[in-house]
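Single-structure report; data block below.
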Amino acid sequence: MTESRNYRLVHGGGDEAEIPHVLVVGGGYLGMYTARRLEKKLGAGEARITVIDPNSYMTYQPFLPETAAGSISPRNVVVPLRKVLTRAKVLTGHVVRIDHANRTVGFEPEVGEPRDIAYDHIVLAAGAVSRTFPIPGLAEWGIGIKTVEEAAYLRNHVLEQLNIADSTDDPKVRAKALNFVFVGGGFAGAEAIAELEDMARDATRIYPSISVDDLHFYLIEVADKILPEVGPEVGEKALNQMRRRGIDVRLKTSLESAENQVIKLSDGSEFEAGTLVWTAGVKPNPVVSASDLPLGPRGHVDTSEYLTVNGVENAFAGGDNAQVPDGKGGFYPPNAQNAVRQAPVLADNVIAVLRGEEPKAYRHDNLGAVAGLGLHKGAAQLFGKIKLNGRLAWYAHRSYHLFAVPTFNRKFRVLADWTLGLFLRRDYAALPEMIEPRQAFEEAAQPKPVENGRLLRRVS
């Protein structure tokens, strides 16, 4: 089954005109803002717009570490696509194939039969997924922090490990629960471990048998530095700050195995850990490789400075799934800063092609980088000259991302979370049962066996 590429608009005089169909694959920051700008700048008869994403919402990923630490509510870092996009058609499901030669995509909805959807112009904004390696045990025990669900899970999981440690008499069980391993020292890894260590440190005040010294947080990085995005000087200060907090940062070290939750590192270390967070890089969304569009050497869409796909017509790309030349012989980094600034240029270039006008090149000078490393702690390099650590960097981090998070509604909600955090301590309630919400009902519906007068627990 194939949806028609165009639908017909009947004018008052009876004439019919075909309306071009613009298909946006991906509803993240780039996809959502591109579609939103297309809605605002295109007339009703110039194009119809469809956005396809597996989720019905856009996630502001820079806030995921603070979400994992409980500083921001999970619902406040997501924006419902159907609320923001009033003219575009939003489809929740997966694009599994892109046949640009025939201008169709294979679409699989959450429920129902797959179908083909035709288009005239396509925008690839599918983003990226975690890049993993065939390390024994990683797929079974590791978790990323690319989605709001992962961030919410991590908060509950870390707090549940404290519950386990406080409730056991077995020293091995206790030690395993209080070992937290994070792999990858870039933005995602450094921010995640710093925020969650900050939360766990603060939470020890309510656990009688756990002190801060009992917590063991490990940051594993194969390179010789962390946070390369903020420059060597600021990164070195952030590294020293982490080590003073007791975070065990292992540079020039890699994860070799995690089978049965036994962590084996390349430096010879071996220990059990109840938590393994993988943040060692990303790769383009798999849908990119399931297309006939030209790709670059690392699997990204081969994109021009105009955010058009090289070698084909009526295809555009940007963000994490594209390699966009920076005019200096390299490519722009796939970060939130570039996604924010590519969206209006990409949308304007789609409009230019629709109207037969010349597109404009994307050019952006790096404004710097900011990282939050827990409450009142951060690292920042601004405009290539201003280097900040500690509280000032933390203010810069929060100010920039409050400005960048989409919609006034979400800005206000995030600001409200932060303001409450000034007056109220964090909430330390762990809700691990949210992963399997039907478990309690199933146990009530199925009689539990009793053996020798003892109620047997259900083993999940």
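The chains in the structure tokens are called A, B, ... from first to last as shown; in each chain the residues are counted from 1, and the ligands are counted from 1 in the order shown.
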Using only C-alpha atoms, find each residue of stretch 168-243 of chain A with at least one atom at most 7 Å away from an atom of stretch 349-372 of chain A; report its shortest atom-to-atom pair and that distance in Å (one decimal), sort the rows by chain and rising residue number, and return the result as JSON lines.
{"residue": "A:Phe187", "atom": "CA", "partner": "A:Ala371", "partner_atom": "CA", "distance": 6.8}
{"residue": "A:Glu191", "atom": "CA", "partner": "A:Gly372", "partner_atom": "CA", "distance": 5.9}
{"residue": "A:Glu229", "atom": "CA", "partner": "A:Ala369", "partner_atom": "CA", "distance": 6.3}
{"residue": "A:Val230", "atom": "CA", "partner": "A:Ala369", "partner_atom": "CA", "distance": 5.5}
Emit the selected residues as a PDB file, in the first residue's frame, including C-alpha atoms.
ATOM      1  CA  PHE A 187      30.118  15.225  27.451  1.00  0.00           C
ATOM      2  CA  GLU A 191      28.059  14.864  32.905  1.00  0.00           C
ATOM      3  CA  GLU A 229      35.114  19.713  23.800  1.00  0.00           C
ATOM      4  CA  VAL A 230      36.005  22.324  26.454  1.00  0.00           C
TER       5      VAL A 230
END
Close residues, A:Leu392 itself excluded, 12 Å, only C-alpha atoms, min 5 positions apart in chain, as a PyMOL selection string:
chain A and resi 370-373+375-382+386-387+397-399
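You can rank A:Asp224, A:Ala35, A:Gly127, A:Met434 by their closest distance to A:Thr86 using only C-alpha atoms, and at the top of that list sits A:Ala35.
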Can you pull out every residue from stretch 19-257 of chain A that DSSP, working from the backbone, puts in strand (DSSP E), and format the result as a ChimeraX atom specification?
/A:19,21-25,48-53,57-59,78-80,89-99,104-109,115-118,121-124,128-130,179-183,216-220,248-250,255-257
I'd like the interatomic distance between atom CA of A:Lys237 and atom CA of A:Leu402, to a tenth of an Å.
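Separation of atom CA of A:Lys237 and atom CA of A:Leu402: 24.7 Å.
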Would you mind telling me which residue in A:Thr253, A:Gly281, A:Pro54, A:Ile135 lies nearest to A:Ser269 when using only C-alpha atoms?
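Among A:Thr253, A:Gly281, A:Pro54, A:Ile135, it is A:Thr253 that comes nearest to A:Ser269.
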As a VMD selection string, please: every residue in stretch 58-290 of chain A that a backbone DSSP assignment puts in helix (DSSP H, G or I).
chain A and resid 61 to 68 74 to 77 81 to 84 100 to 102 138 to 141 148 to 167 171 to 177 187 to 206 212 to 214 228 to 230 232 to 244 259 to 261 286 to 288
Report as a list of chain:residue names all protein, DNA and RNA residues lying within 8 Å of A:Gly318, evaluated on only C-alpha atoms, omitting residues in the same chain fewer than 4 positions from it.
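So, after excluding close chain neighbours, the residues are A:Leu30, A:Leu124, A:Ala125, A:Thr303, A:Leu307, A:Ala322, A:Gln323, A:Val324, A:Ala339, A:Gln342, A:Leu346.
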Can you tell me which residues surround A:Ala175 at a distance of at most 8 Å, considering only C-alpha atoms, apart from same-chain residues fewer than 3 positions away, and format the answer as a PyMOL selection string?
chain A and resi 165+171-172+178-179+272-273
Quick one: distance from atom CA of A:Gly231 to atom CA of A:Ile143 in Å, one decimal?
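Taking atom CA of A:Gly231 as the start and atom CA of A:Ile143 as the end point, the length is 27.6 Å.
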Contacts of stretch 310-315 of chain A at 6 Å (only C-alpha atoms; same-chain gap of 3+ positions) as a list in words
His121, Ile122, Asp302, Thr303 and Ser304 of chain A
Those residues you just picked out, can you put them in a file as a PDB file, in the first residue's frame with C-alpha atoms?
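The result, written out as selection_35.pdb:
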ATOM      1  CA  HIS A 121      11.358  16.282  -0.676  1.00  0.00           C
ATOM      2  CA  ILE A 122      12.954  14.471   2.245  1.00  0.00           C
ATOM      3  CA  ASP A 302      27.115  12.928   2.677  1.00  0.00           C
ATOM      4  CA  THR A 303      25.865  16.498   3.010  1.00  0.00           C
ATOM      5  CA  SER A 304      26.884  19.766   1.351  1.00  0.00           C
TER       6      SER A 304
END
Go through A:Leu422, A:Ile226, A:Ala68, A:Ala347 one by one, measure the shortest atom-to-atom distance of each to A:Asn240 using only C-alpha atoms, and give the residue with the smallest value.
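Closest to A:Asn240, using only C-alpha atoms: A:Ile226.
The nearest approach to A:Ala203 among the residues A:Ala69, A:Leu431, A:Ala416, A:Val77, with only C-alpha atoms taken into account, belongs to A:Ala69.
Each of A:Leu138, A:Leu276, A:Ala429, A:Leu81 was compared to A:Arg155 using only C-alpha atoms, and A:Ala429 turns out to be the nearest.
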